[in-house]
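J.: query_3.cif (mmCIF, C-alpha atoms) pasted underneath:
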```
data_structure
loop_
_atom_site.group_PDB
_atom_site.id
_atom_site.type_symbol
_atom_site.label_atom_id
_atom_site.label_comp_id
_atom_site.auth_asym_id
_atom_site.auth_seq_id
_atom_site.Cartn_x
_atom_site.Cartn_y
_atom_site.Cartn_z
ATOM 1 C CA MET H 10 49.427 11.773 -96.903
ATOM 2 C CA LYS H 11 53.051 12.627 -96.202
ATOM 3 C CA ARG H 12 51.883 16.015 -94.931
ATOM 4 C CA ILE H 13 49.371 14.407 -92.572
ATOM 5 C CA LEU H 14 52.157 12.330 -91.043
ATOM 6 C CA ALA H 15 54.382 15.409 -90.803
ATOM 7 C CA VAL H 16 51.708 17.246 -88.817
ATOM 8 C CA ILE H 17 51.225 14.367 -86.396
ATOM 9 C CA ALA H 18 54.941 13.687 -86.026
ATOM 10 C CA MET H 19 55.708 17.327 -85.231
ATOM 11 C CA THR H 20 52.836 17.431 -82.743
ATOM 12 C CA ILE H 21 54.253 14.579 -80.705
ATOM 13 C CA THR H 22 57.744 16.052 -80.936
ATOM 14 C CA LEU H 23 56.673 19.362 -79.412
ATOM 15 C CA VAL H 24 54.399 18.249 -76.654
ATOM 16 C CA SER H 25 56.907 15.541 -76.576
ATOM 17 C CA CYS H 26 51.984 6.713 -77.741
ATOM 18 C CA ASN H 27 52.347 3.524 -76.948
ATOM 19 C CA ASP H 28 50.304 2.676 -73.856
ATOM 20 C CA GLU H 29 53.471 1.174 -72.365
ATOM 21 C CA ALA H 30 56.029 3.640 -70.984
ATOM 22 C CA TYR H 31 59.668 2.982 -70.157
ATOM 23 C CA GLU H 32 60.285 0.800 -67.146
ATOM 24 C CA SER H 33 62.185 2.978 -64.692
ATOM 25 C CA ASP H 34 65.535 1.898 -63.321
ATOM 26 C CA SER H 35 64.300 2.935 -59.884
ATOM 27 C CA ALA H 36 64.563 0.704 -56.818
ATOM 28 C CA THR H 37 62.465 2.081 -53.994
ATOM 29 C CA SER H 38 63.342 1.860 -50.352
ATOM 30 C CA GLY H 39 60.340 2.665 -48.205
ATOM 31 C CA ASN H 40 57.512 4.818 -49.554
ATOM 32 C CA ASN H 41 56.312 7.641 -47.356
ATOM 33 C CA PRO H 42 53.425 6.045 -45.416
ATOM 34 C CA SER H 43 51.225 9.147 -45.656
ATOM 35 C CA ASP H 44 51.765 9.513 -49.438
ATOM 36 C CA THR H 45 52.437 13.219 -48.833
ATOM 37 C CA PRO H 46 55.972 14.343 -47.982
ATOM 38 C CA GLY H 47 55.263 17.679 -46.349
ATOM 39 C CA GLY H 48 57.926 20.353 -46.528
ATOM 40 C CA SER H 49 57.976 22.988 -49.264
ATOM 41 C CA THR H 50 58.759 23.157 -52.962
ATOM 42 C CA GLU H 51 61.829 25.261 -52.164
ATOM 43 C CA GLU H 52 63.440 21.994 -51.059
ATOM 44 C CA PHE H 53 62.633 20.342 -54.418
ATOM 45 C CA LEU H 54 63.609 23.145 -56.784
ATOM 46 C CA THR H 55 66.055 25.701 -55.437
ATOM 47 C CA ILE H 56 66.176 28.650 -57.831
ATOM 48 C CA GLY H 57 69.040 31.056 -58.340
ATOM 49 C CA GLU H 58 70.865 32.739 -61.165
ATOM 50 C CA GLN H 59 73.772 30.283 -61.055
ATOM 51 C CA ARG H 60 71.697 27.055 -61.025
ATOM 52 C CA PHE H 61 72.187 24.579 -63.861
ATOM 53 C CA TRP H 62 71.402 20.936 -64.707
ATOM 54 C CA ILE H 63 73.017 18.746 -67.402
ATOM 55 C CA TYR H 64 71.161 15.753 -68.861
ATOM 56 C CA ASP H 65 72.108 12.908 -71.152
ATOM 57 C CA VAL H 66 69.288 12.427 -73.651
ATOM 58 C CA GLN H 67 68.635 9.225 -75.567
ATOM 59 C CA SER H 68 65.920 9.193 -78.209
ATOM 60 C CA ASN H 69 64.994 6.004 -80.070
ATOM 61 C CA SER H 70 62.695 5.552 -83.055
ATOM 62 C CA GLN H 71 62.646 3.011 -85.853
ATOM 63 C CA ASP H 72 59.966 5.047 -87.628
ATOM 64 C CA LEU H 73 61.458 8.571 -87.651
ATOM 65 C CA PRO H 74 65.226 8.577 -88.328
ATOM 66 C CA ASP H 75 65.557 12.200 -87.206
ATOM 67 C CA MET H 76 64.270 11.180 -83.768
ATOM 68 C CA ASP H 77 66.886 8.423 -83.316
ATOM 69 C CA PHE H 78 69.817 10.144 -81.591
ATOM 70 C CA MET H 79 71.873 10.707 -78.456
ATOM 71 C CA ALA H 80 72.465 14.238 -77.196
ATOM 72 C CA GLN H 81 72.944 16.361 -74.099
ATOM 73 C CA ASP H 82 70.836 19.169 -72.634
ATOM 74 C CA SER H 83 72.298 21.989 -70.573
ATOM 75 C CA VAL H 84 69.417 23.592 -68.636
ATOM 76 C CA TYR H 85 69.829 26.750 -66.579
ATOM 77 C CA VAL H 86 67.826 29.507 -64.903
ATOM 78 C CA ALA H 87 67.264 32.313 -67.408
ATOM 79 C CA SER H 88 65.203 34.790 -65.356
ATOM 80 C CA ILE H 89 63.599 35.156 -61.928
ATOM 81 C CA SER H 90 60.614 37.319 -60.984
ATOM 82 C CA GLY H 91 59.322 36.779 -57.466
ATOM 83 C CA ALA H 92 57.938 33.234 -57.232
ATOM 84 C CA SER H 93 58.142 32.761 -61.010
ATOM 85 C CA PHE H 94 61.123 31.897 -63.187
ATOM 86 C CA THR H 95 62.094 30.696 -66.637
ATOM 87 C CA LEU H 96 64.537 28.034 -67.727
ATOM 88 C CA SER H 97 66.521 27.891 -70.952
ATOM 89 C CA ALA H 98 68.473 25.121 -72.623
ATOM 90 C CA ASN H 99 71.566 24.860 -74.791
ATOM 91 C CA ASP H 100 72.478 28.558 -75.069
ATOM 92 C CA ASP H 101 68.862 29.637 -75.623
ATOM 93 C CA GLY H 102 68.303 26.830 -78.107
ATOM 94 C CA ILE H 103 65.869 23.929 -78.165
ATOM 95 C CA ALA H 104 65.972 21.128 -75.609
ATOM 96 C CA ASN H 105 66.485 17.602 -76.927
ATOM 97 C CA GLY H 106 64.582 15.970 -74.064
ATOM 98 C CA SER H 107 60.784 15.786 -74.081
ATOM 99 C CA MET H 108 60.245 17.008 -70.504
ATOM 100 C CA ASN H 109 62.887 19.722 -70.695
ATOM 101 C CA GLY H 110 61.328 20.804 -73.985
ATOM 102 C CA ILE H 111 58.154 21.645 -72.073
ATOM 103 C CA ILE H 112 59.584 23.295 -68.963
ATOM 104 C CA THR H 113 62.051 25.470 -70.928
ATOM 105 C CA ASN H 114 59.295 26.794 -73.171
ATOM 106 C CA GLY H 115 57.293 28.750 -70.627
ATOM 107 C CA THR H 116 57.181 30.204 -67.121
ATOM 108 C CA LEU H 117 57.322 28.106 -63.974
ATOM 109 C CA SER H 118 55.763 29.278 -60.727
ATOM 110 C CA THR H 119 56.025 28.012 -57.168
ATOM 111 C CA THR H 120 53.872 28.152 -54.079
ATOM 112 C CA ALA H 121 54.724 26.607 -50.733
ATOM 113 C CA THR H 122 53.475 23.223 -51.953
ATOM 114 C CA THR H 123 53.264 23.323 -55.781
ATOM 115 C CA ILE H 124 55.321 23.819 -58.926
ATOM 116 C CA SER H 125 53.392 24.711 -62.092
ATOM 117 C CA VAL H 126 54.218 25.708 -65.653
ATOM 118 C CA GLU H 127 52.449 28.020 -68.081
ATOM 119 C CA ALA H 128 53.675 27.674 -71.649
ATOM 120 C CA ASP H 129 52.720 28.689 -75.166
ATOM 121 C CA LEU H 130 54.098 25.928 -77.350
ATOM 122 C CA GLU H 131 54.687 27.470 -80.751
ATOM 123 C CA LEU H 132 54.212 25.078 -83.636
ATOM 124 C CA PRO H 133 56.930 25.156 -86.310
ATOM 125 C CA ASP H 134 56.680 26.502 -89.855
ATOM 126 C CA THR H 135 55.473 23.108 -91.093
ATOM 127 C CA PHE H 136 52.138 23.780 -89.423
ATOM 128 C CA SER H 137 51.800 27.281 -90.838
ATOM 129 C CA ASN H 138 52.421 26.007 -94.346
ATOM 130 C CA LEU H 139 49.540 23.602 -93.853
ATOM 131 C CA GLY H 140 47.284 26.206 -92.274
ATOM 132 C CA LEU H 141 47.679 24.516 -88.878
ATOM 133 C CA ASP H 142 49.016 27.440 -86.879
ATOM 134 C CA ASN H 143 47.311 26.944 -83.510
ATOM 135 C CA ASN H 144 49.527 26.890 -80.439
ATOM 136 C CA LEU H 145 49.007 24.501 -77.559
ATOM 137 C CA GLU H 146 48.682 26.829 -74.610
ATOM 138 C CA ILE H 147 49.345 25.193 -71.242
ATOM 139 C CA SER H 148 47.774 27.145 -68.389
ATOM 140 C CA ASN H 149 49.213 26.598 -64.905
ATOM 141 C CA MET H 150 49.867 22.875 -65.296
ATOM 142 C CA LEU H 151 50.823 21.380 -61.935
ATOM 143 C CA LEU H 152 54.024 19.365 -62.127
ATOM 144 C CA LEU H 153 54.399 18.790 -58.398
ATOM 145 C CA ASP H 154 51.932 19.030 -55.521
ATOM 146 C CA LEU H 155 53.254 18.099 -52.095
ATOM 147 C CA GLU H 156 49.715 17.854 -50.712
ATOM 148 C CA ALA H 157 48.491 15.386 -53.361
ATOM 149 C CA ASN H 158 47.967 11.721 -52.520
ATOM 150 C CA ASN H 159 49.261 8.905 -54.685
ATOM 151 C CA ASN H 160 47.275 8.595 -57.953
ATOM 152 C CA ASP H 161 45.607 11.999 -57.478
ATOM 153 C CA ILE H 162 45.011 13.882 -60.736
ATOM 154 C CA MET H 163 46.776 17.203 -60.220
ATOM 155 C CA PHE H 164 45.792 18.944 -63.461
ATOM 156 C CA VAL H 165 43.389 18.546 -66.396
ATOM 157 C CA GLN H 166 43.159 20.734 -69.493
ATOM 158 C CA GLU H 167 40.813 19.963 -72.372
ATOM 159 C CA ALA H 168 40.491 21.951 -75.595
ATOM 160 C CA ASN H 169 39.527 21.639 -79.233
ATOM 161 C CA PHE H 170 40.069 23.685 -82.354
ATOM 162 C CA SER H 171 39.278 23.579 -86.054
ATOM 163 C CA GLU H 172 41.675 24.170 -88.927
ATOM 164 C CA ASN H 173 42.078 23.488 -92.620
ATOM 165 C CA LEU H 174 44.659 20.934 -93.664
ATOM 166 C CA ASP H 175 46.199 21.315 -97.127
ATOM 167 C CA ILE H 176 46.438 17.909 -98.830
ATOM 168 C CA GLU H 177 47.740 18.075 -102.388
ATOM 169 C CA GLY H 178 46.202 21.536 -102.855
ATOM 170 C CA THR H 179 42.833 20.586 -101.347
ATOM 171 C CA GLN H 180 41.686 22.213 -98.104
ATOM 172 C CA ILE H 181 40.404 19.561 -95.695
ATOM 173 C CA PRO H 182 38.556 20.884 -92.611
ATOM 174 C CA ILE H 183 39.845 19.086 -89.527
ATOM 175 C CA GLN H 184 38.801 19.021 -85.882
ATOM 176 C CA VAL H 185 41.422 18.502 -83.166
ATOM 177 C CA ASN H 186 40.552 17.546 -79.578
ATOM 178 C CA TYR H 187 43.063 17.026 -76.807
ATOM 179 C CA GLU H 188 43.255 16.379 -73.076
ATOM 180 C CA LEU H 189 46.382 17.088 -71.048
ATOM 181 C CA THR H 190 46.717 15.687 -67.514
ATOM 182 C CA THR H 191 49.292 15.331 -64.763
ATOM 183 C CA LYS H 192 49.029 12.829 -61.930
ATOM 184 C CA LYS H 193 51.036 12.129 -58.798
ATOM 185 C CA VAL H 194 52.344 8.559 -58.947
ATOM 186 C CA ASN H 195 54.345 8.196 -55.740
ATOM 187 C CA PHE H 196 56.693 9.724 -53.222
ATOM 188 C CA TYR H 197 59.865 7.851 -52.279
ATOM 189 C CA ASP H 198 61.936 8.219 -49.129
ATOM 190 C CA SER H 199 64.828 6.950 -51.254
ATOM 191 C CA VAL H 200 65.146 5.761 -54.827
ATOM 192 C CA THR H 201 67.921 4.793 -57.229
ATOM 193 C CA LEU H 202 67.803 6.675 -60.535
ATOM 194 C CA ASN H 203 70.514 7.002 -63.184
ATOM 195 C CA GLY H 204 72.731 4.797 -61.020
ATOM 196 C CA SER H 205 72.583 7.228 -58.065
ATOM 197 C CA GLU H 206 70.519 7.209 -54.891
ATOM 198 C CA TYR H 207 68.301 10.196 -54.163
ATOM 199 C CA ASN H 208 66.285 10.976 -51.040
ATOM 200 C CA ASN H 209 62.715 12.310 -50.984
ATOM 201 C CA VAL H 210 61.700 11.958 -54.618
ATOM 202 C CA PHE H 211 58.355 12.967 -56.147
ATOM 203 C CA GLU H 212 57.178 10.937 -59.158
ATOM 204 C CA GLY H 213 54.539 12.278 -61.531
ATOM 205 C CA ILE H 214 53.158 11.356 -64.914
ATOM 206 C CA LEU H 215 52.146 13.676 -67.748
ATOM 207 C CA SER H 216 49.753 12.378 -70.426
ATOM 208 C CA LEU H 217 48.475 13.972 -73.625
ATOM 209 C CA SER H 218 45.496 12.405 -75.386
ATOM 210 C CA LEU H 219 44.627 13.555 -78.905
ATOM 211 C CA SER H 220 42.028 12.865 -81.581
ATOM 212 C CA VAL H 221 41.853 14.310 -85.103
ATOM 213 C CA SER H 222 39.040 14.005 -87.657
ATOM 214 C CA GLY H 223 38.635 15.484 -91.120
ATOM 215 C CA THR H 224 35.769 16.189 -93.514
ATOM 216 C CA PHE H 225 36.581 14.766 -96.948
ATOM 217 C CA ASN H 226 34.761 15.703 -100.164
ATOM 218 C CA LEU H 227 34.086 12.516 -102.102
ATOM 219 C CA GLY H 228 32.434 13.927 -105.186
ATOM 220 C CA LEU H 229 28.694 14.004 -104.599
ATOM 221 C CA PHE H 230 28.927 13.679 -100.826
ATOM 222 C CA THR H 231 31.173 14.438 -97.881
ATOM 223 C CA GLN H 232 32.363 12.106 -95.159
ATOM 224 C CA ASN H 233 33.781 12.787 -91.720
ATOM 225 C CA VAL H 234 36.741 10.469 -91.222
ATOM 226 C CA ALA H 235 38.850 9.854 -88.136
ATOM 227 C CA ILE H 236 42.508 10.580 -88.836
ATOM 228 C CA LEU H 237 43.533 9.721 -85.275
ATOM 229 C CA GLU H 238 41.171 7.891 -82.958
ATOM 230 C CA PRO H 239 41.410 9.160 -79.343
ATOM 231 C CA GLN H 240 44.776 7.969 -78.049
ATOM 232 C CA ASN H 241 47.684 8.929 -75.836
ATOM 233 C CA ILE H 242 50.336 10.471 -78.040
ATOM 234 C CA LEU H 243 52.613 11.380 -75.121
ATOM 235 C CA GLU H 244 53.215 9.815 -71.722
ATOM 236 C CA THR H 245 56.058 11.001 -69.494
ATOM 237 C CA ASN H 246 57.095 9.703 -66.086
ATOM 238 C CA TYR H 247 59.209 12.323 -64.316
ATOM 239 C CA PHE H 248 61.068 12.468 -61.013
ATOM 240 C CA TYR H 249 61.870 15.522 -58.856
ATOM 241 C CA ALA H 250 64.386 15.011 -56.049
ATOM 242 C CA GLU H 251 64.726 17.167 -52.951
ATOM 243 C CA GLN H 252 67.604 19.665 -53.148
ATOM 244 C CA VAL H 253 68.226 18.721 -56.789
ATOM 245 C CA GLY H 254 65.244 19.253 -59.116
ATOM 246 C CA LEU H 255 64.293 17.164 -62.151
ATOM 247 C CA VAL H 256 66.549 14.096 -62.113
ATOM 248 C CA ARG H 257 64.944 11.835 -64.715
ATOM 249 C CA ALA H 258 62.144 11.734 -67.279
ATOM 250 C CA GLU H 259 61.010 8.738 -69.348
ATOM 251 C CA SER H 260 58.753 9.512 -72.318
ATOM 252 C CA THR H 261 56.950 7.419 -74.885
ATOM 253 C CA GLN H 262 55.395 9.262 -77.819
ATOM 254 C CA GLY H 263 53.606 8.038 -80.901
ATOM 255 C CA PHE H 264 50.418 7.615 -82.878
ATOM 256 C CA ASN H 265 48.367 5.111 -84.847
ATOM 257 C CA LEU H 266 46.489 6.288 -87.917
ATOM 258 C CA SER H 267 42.869 5.128 -87.971
ATOM 259 C CA SER H 268 41.811 2.155 -90.089
ATOM 260 C CA GLN H 269 38.966 4.367 -91.363
ATOM 261 C CA LEU H 270 41.491 6.749 -92.907
ATOM 262 C CA THR H 271 43.566 4.015 -94.521
ATOM 263 C CA ALA H 272 40.409 2.411 -95.939
ATOM 264 C CA LEU H 273 39.316 5.756 -97.431
ATOM 265 C CA LEU H 274 42.723 6.288 -99.039
ATOM 266 C CA GLN H 275 42.504 2.853 -100.625
ATOM 267 C CA LEU H 276 38.986 3.638 -101.849
ATOM 268 C CA VAL H 277 40.089 6.811 -103.629
ATOM 269 C CA ASN H 278 43.296 5.123 -104.813
ATOM 270 C CA ILE H 279 45.777 7.229 -102.854
ATOM 271 C CA PRO H 280 48.815 5.075 -101.972
ATOM 272 C CA LEU H 281 50.014 5.007 -98.373
ATOM 273 C CA ASN H 282 53.787 4.623 -98.608
ATOM 274 C CA LEU H 283 54.525 5.645 -95.028
ATOM 275 C CA PRO H 284 54.009 3.830 -91.709
ATOM 276 C CA THR H 285 50.537 3.865 -90.188
ATOM 277 C CA SER H 286 52.080 4.111 -86.721
ATOM 278 C CA VAL H 287 55.062 5.878 -85.160
ATOM 279 C CA THR H 288 56.803 5.368 -81.821
ATOM 280 C CA VAL H 289 59.480 7.565 -80.230
ATOM 281 C CA GLU H 290 61.095 6.805 -76.876
ATOM 282 C CA ASN H 291 63.008 9.502 -75.005
ATOM 283 C CA ILE H 292 64.986 9.301 -71.744
ATOM 284 C CA GLU H 293 66.522 12.266 -69.896
ATOM 285 C CA GLU H 294 69.102 11.412 -67.195
ATOM 286 C CA LEU H 295 70.652 13.999 -64.905
ATOM 287 C CA VAL H 296 74.453 13.666 -65.024
ATOM 288 C CA ASP H 297 75.623 16.912 -63.368
ATOM 289 C CA TYR H 298 74.090 19.909 -61.614
ATOM 290 C CA TYR H 299 74.808 22.933 -59.465
ATOM 291 C CA VAL H 300 72.125 24.159 -57.040
ATOM 292 C CA GLU H 301 74.154 25.410 -54.068
#
```
The structure in this file should be written as structure tokens.
T.:
Amino acid sequence: MKRILAVIAMTITLVSCNDEAYESDSATSGNNPSDTPGGSTEEFLTIGEQRFWIYDVQSNSQDLPDMDFMAQDSVYVASISGASFTLSANDDGIANGSMNGIITNGTLSTTATTISVEADLELPDTFSNLGLDNNLEISNMLLLDLEANNNDIMFVQEANFSENLDIEGTQIPIQVNYELTTKKVNFYDSVTLNGSEYNNVFEGILSLSLSVSGTFNLGLFTQNVAILEPQNILETNYFYAEQVGLVRAESTQGFNLSSQLTALLQLVNIPLNLPTSVTVENIEELVDYYVE
């Protein structure tokens, strides 16, 4: 059972839910009446070899002590190729923030009106040891679309895969289904974030829904049991400001194990000594940057 929780916890860390996200500290001052700002993405994410952004990161979790910390992310442009570029964090290390963890783990591309990311999120050794070595491949996920209206879905990716999960030496076939979406929330003429006022700010939301089921051998018969009912395990509100870039991201991650699974474990007398639910909250605040 501990290994099941490890798999789920690492999943939400990487593609790092309660249905309730952080309440932003934003105070809007006049939304753009047309919902669409016009202009080009060059104004929202200026790219050059000397560009960098520094974020304070606060992660809170009462369920996972390793995810309860304060840190800082230094994000910078690592390479540029035409309209595509890559970002790195912390001297080619791993970003502490959920949103920066995604955008520093792939290639970003721009058009006149969009910013997208294509990433191959490699799962850690924990997954390989369990036989769960699939990567979550994100294909051209739109992060920003200047032609989208408020509440427009900008991107949808659905996929499923099968694996074997090793539980106490027994191979349990599992089926994983997920849906990844991004949506435009709003565009602000001005907004206060992190205690500073920014002009022309695009707000989006990224959501990852996941379900996991397993086939358990119960002696003379087998039973398909939900490990995770369909649920959002990640929800991130993010803000891109003109002439700055990503200025803030507010993420809520987590899971709830199914009552069907806990009932089965009780039936076969396997103790559940770990929480049936986990919540991790993560805030990334821009504190310094150079984009001149």
J.: Point out the residue among H:Phe211, H:Gly263, H:Ser218, H:Leu274 with the least atom-to-atom distance to Val287 in chain H, counting all atoms listed in the file.
T.: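 Ranked by minimum distance to Val287 in chain H, first place goes to H:Gly263.
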J.: Can you pull out the residues contacting range 226-230 of chain H? Cut-off 10 Å, using all atoms listed in the file, and skip same-chain residues under 5 positions away; I want them as a PDB file with C-alpha atoms, in the frame of the given file.
T.:
```
ATOM      1  CA  THR H 179      42.833  20.586-101.347  1.00  0.00           C
ATOM      2  CA  GLN H 180      41.686  22.213 -98.104  1.00  0.00           C
ATOM      3  CA  ILE H 181      40.404  19.561 -95.695  1.00  0.00           C
ATOM      4  CA  PRO H 182      38.556  20.884 -92.611  1.00  0.00           C
ATOM      5  CA  LEU H 273      39.316   5.756 -97.431  1.00  0.00           C
ATOM      6  CA  VAL H 277      40.089   6.811-103.629  1.00  0.00           C
TER       7      VAL H 277
END
```
J.: Please put the answer as AutoDock Vina command-line options: centre and edge lengths, in Å with one decimal, of a box along x, y and z that encloses all listed atoms of range 242-257 of chain H plus 8 Å on each side.
T.:
```
--center_x 59.3 --center_y 14.7 --center_z -65.5 --size_x 33.9 --size_y 26.0 --size_z 41.1
```
J.: Please produce, as JSON lines, a per-residue contact table for range 163-199 of chain H versus range 236-244 of chain H (criterion: any atom at most 10 Å away, all atoms listed in the file considered), showing the nearest atom pair and its distance in Å to one decimal, sorted by chain then residue number.
T.:
```
{"residue": "H:Ile183", "atom": "CA", "partner": "H:Ile236", "partner_atom": "CA", "distance": 8.9}
{"residue": "H:Gln184", "atom": "CA", "partner": "H:Ile236", "partner_atom": "CA", "distance": 9.7}
{"residue": "H:Val185", "atom": "CA", "partner": "H:Leu237", "partner_atom": "CA", "distance": 9.3}
{"residue": "H:Asn186", "atom": "CA", "partner": "H:Pro239", "partner_atom": "CA", "distance": 8.4}
{"residue": "H:Tyr187", "atom": "CA", "partner": "H:Pro239", "partner_atom": "CA", "distance": 8.4}
{"residue": "H:Glu188", "atom": "CA", "partner": "H:Asn241", "partner_atom": "CA", "distance": 9.1}
{"residue": "H:Leu189", "atom": "CA", "partner": "H:Leu243", "partner_atom": "CA", "distance": 9.4}
{"residue": "H:Thr190", "atom": "CA", "partner": "H:Glu244", "partner_atom": "CA", "distance": 9.7}
{"residue": "H:Thr191", "atom": "CA", "partner": "H:Glu244", "partner_atom": "CA", "distance": 9.7}
```
J.: Could you name the residues that touch range 151-155 of chain H at 10 Å or less, counting only C-alpha atoms, but leaving out those on the same chain fewer than 4 positions away, as a ChimeraX atom specification?
T.: /H:44-50,53,112,117-127,161-165,190-193,196,211-215,247-249
J.: Output the selection as an mmCIF file, in the coordinates of the input - C-alpha atoms for each residue.
T.:
```
data_model
loop_
_atom_site.group_PDB
_atom_site.id
_atom_site.type_symbol
_atom_site.label_atom_id
_atom_site.label_comp_id
_atom_site.auth_asym_id
_atom_site.auth_seq_id
_atom_site.Cartn_x
_atom_site.Cartn_y
_atom_site.Cartn_z
ATOM 1 C CA ASP H 44 51.765 9.513 -49.438
ATOM 2 C CA THR H 45 52.437 13.219 -48.833
ATOM 3 C CA PRO H 46 55.972 14.343 -47.982
ATOM 4 C CA GLY H 47 55.263 17.679 -46.349
ATOM 5 C CA GLY H 48 57.926 20.353 -46.528
ATOM 6 C CA SER H 49 57.976 22.988 -49.264
ATOM 7 C CA THR H 50 58.759 23.157 -52.962
ATOM 8 C CA PHE H 53 62.633 20.342 -54.418
ATOM 9 C CA ILE H 112 59.584 23.295 -68.963
ATOM 10 C CA LEU H 117 57.322 28.106 -63.974
ATOM 11 C CA SER H 118 55.763 29.278 -60.727
ATOM 12 C CA THR H 119 56.025 28.012 -57.168
ATOM 13 C CA THR H 120 53.872 28.152 -54.079
ATOM 14 C CA ALA H 121 54.724 26.607 -50.733
ATOM 15 C CA THR H 122 53.475 23.223 -51.953
ATOM 16 C CA THR H 123 53.264 23.323 -55.781
ATOM 17 C CA ILE H 124 55.321 23.819 -58.926
ATOM 18 C CA SER H 125 53.392 24.711 -62.092
ATOM 19 C CA VAL H 126 54.218 25.708 -65.653
ATOM 20 C CA GLU H 127 52.449 28.020 -68.081
ATOM 21 C CA ASP H 161 45.607 11.999 -57.478
ATOM 22 C CA ILE H 162 45.011 13.882 -60.736
ATOM 23 C CA MET H 163 46.776 17.203 -60.220
ATOM 24 C CA PHE H 164 45.792 18.944 -63.461
ATOM 25 C CA VAL H 165 43.389 18.546 -66.396
ATOM 26 C CA THR H 190 46.717 15.687 -67.514
ATOM 27 C CA THR H 191 49.292 15.331 -64.763
ATOM 28 C CA LYS H 192 49.029 12.829 -61.930
ATOM 29 C CA LYS H 193 51.036 12.129 -58.798
ATOM 30 C CA PHE H 196 56.693 9.724 -53.222
ATOM 31 C CA PHE H 211 58.355 12.967 -56.147
ATOM 32 C CA GLU H 212 57.178 10.937 -59.158
ATOM 33 C CA GLY H 213 54.539 12.278 -61.531
ATOM 34 C CA ILE H 214 53.158 11.356 -64.914
ATOM 35 C CA LEU H 215 52.146 13.676 -67.748
ATOM 36 C CA TYR H 247 59.209 12.323 -64.316
ATOM 37 C CA PHE H 248 61.068 12.468 -61.013
ATOM 38 C CA TYR H 249 61.870 15.522 -58.856
#
```
J.: How would you write, as a tab-separated table (two decimals) with C-alpha atoms, in the coordinates of the input, the residues chosen by the PyMOL selection byres ((chain H and resi 209) around 6) on this structure?
T.:
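Saved the output as out06.tsv:
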```tsv
chain	number	residue	atom	x	y	z
H	197	TYR	CA	59.86	7.85	-52.28
H	198	ASP	CA	61.94	8.22	-49.13
H	199	SER	CA	64.83	6.95	-51.25
H	208	ASN	CA	66.28	10.98	-51.04
H	210	VAL	CA	61.70	11.96	-54.62
H	250	ALA	CA	64.39	15.01	-56.05
H	251	GLU	CA	64.73	17.17	-52.95
```
J.: Check the smallest atom-to-atom distance from each of H:Ala168, H:Leu219, H:Asp72, H:Asn105 to Thr285 in chain H using all atoms listed in the file, then report the winner.
T.: H:Asp72
J.: Can you list what the PyMOL selection byres ((chain H and resi 69) around 6) grabs from this structure, as a ChimeraX atom specification?
T.: /H:68,70,77,289-290
J.: Give the answer as one residue: which of H:Gln59, H:Thr271, H:Thr224, H:Thr113 has the shortest atom-to-atom distance to Asn173 in chain H, using only C-alpha atoms?
T.: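 Closest residue, counting only C-alpha atoms: H:Thr224.
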J.: Have a look at CA of Val221 in chain H and CA of Ile103 in chain H and let me know their distance in Å, one decimal.
T.: 26.8 Å
J.: What does the structure give for the distance between CA of Asp101 in chain H and CA of Ser205 in chain H, in Å to one decimal?
T.: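 Between CA of Asp101 in chain H and CA of Ser205 in chain H the gap works out to 28.7 Å.
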J.: At what distance in Å, to one decimal, does CA of Met108 in chain H lie from CA of Glu206 in chain H?
T.: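 Atom-to-atom, CA of Glu206 in chain H to CA of Met108 in chain H, that is 21.1 Å.
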J.: Ranking H:Phe264, H:Tyr85, H:Phe225, H:Phe170 by minimum distance to Arg60 in chain H and counting all atoms listed in the file, which one comes first?
T.: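 Residue with the minimum atom-to-atom distance to Arg60 in chain H: H:Tyr85.
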J.: If the PyMOL selection byres ((chain H and resi 296) around 6) were run on this exact file, what residues would it hold? Put them as a short mmCIF file (atom, residue, chain, number, x, y, z; two decimals) with C-alpha atoms, in the coordinates of the input.
T.:
```cif
data_model
loop_
_atom_site.label_atom_id
_atom_site.label_comp_id
_atom_site.auth_asym_id
_atom_site.auth_seq_id
_atom_site.Cartn_x
_atom_site.Cartn_y
_atom_site.Cartn_z
CA ILE H 63 73.02 18.75 -67.40
CA TYR H 64 71.16 15.75 -68.86
CA LEU H 295 70.65 14.00 -64.90
CA ASP H 297 75.62 16.91 -63.37
#
```
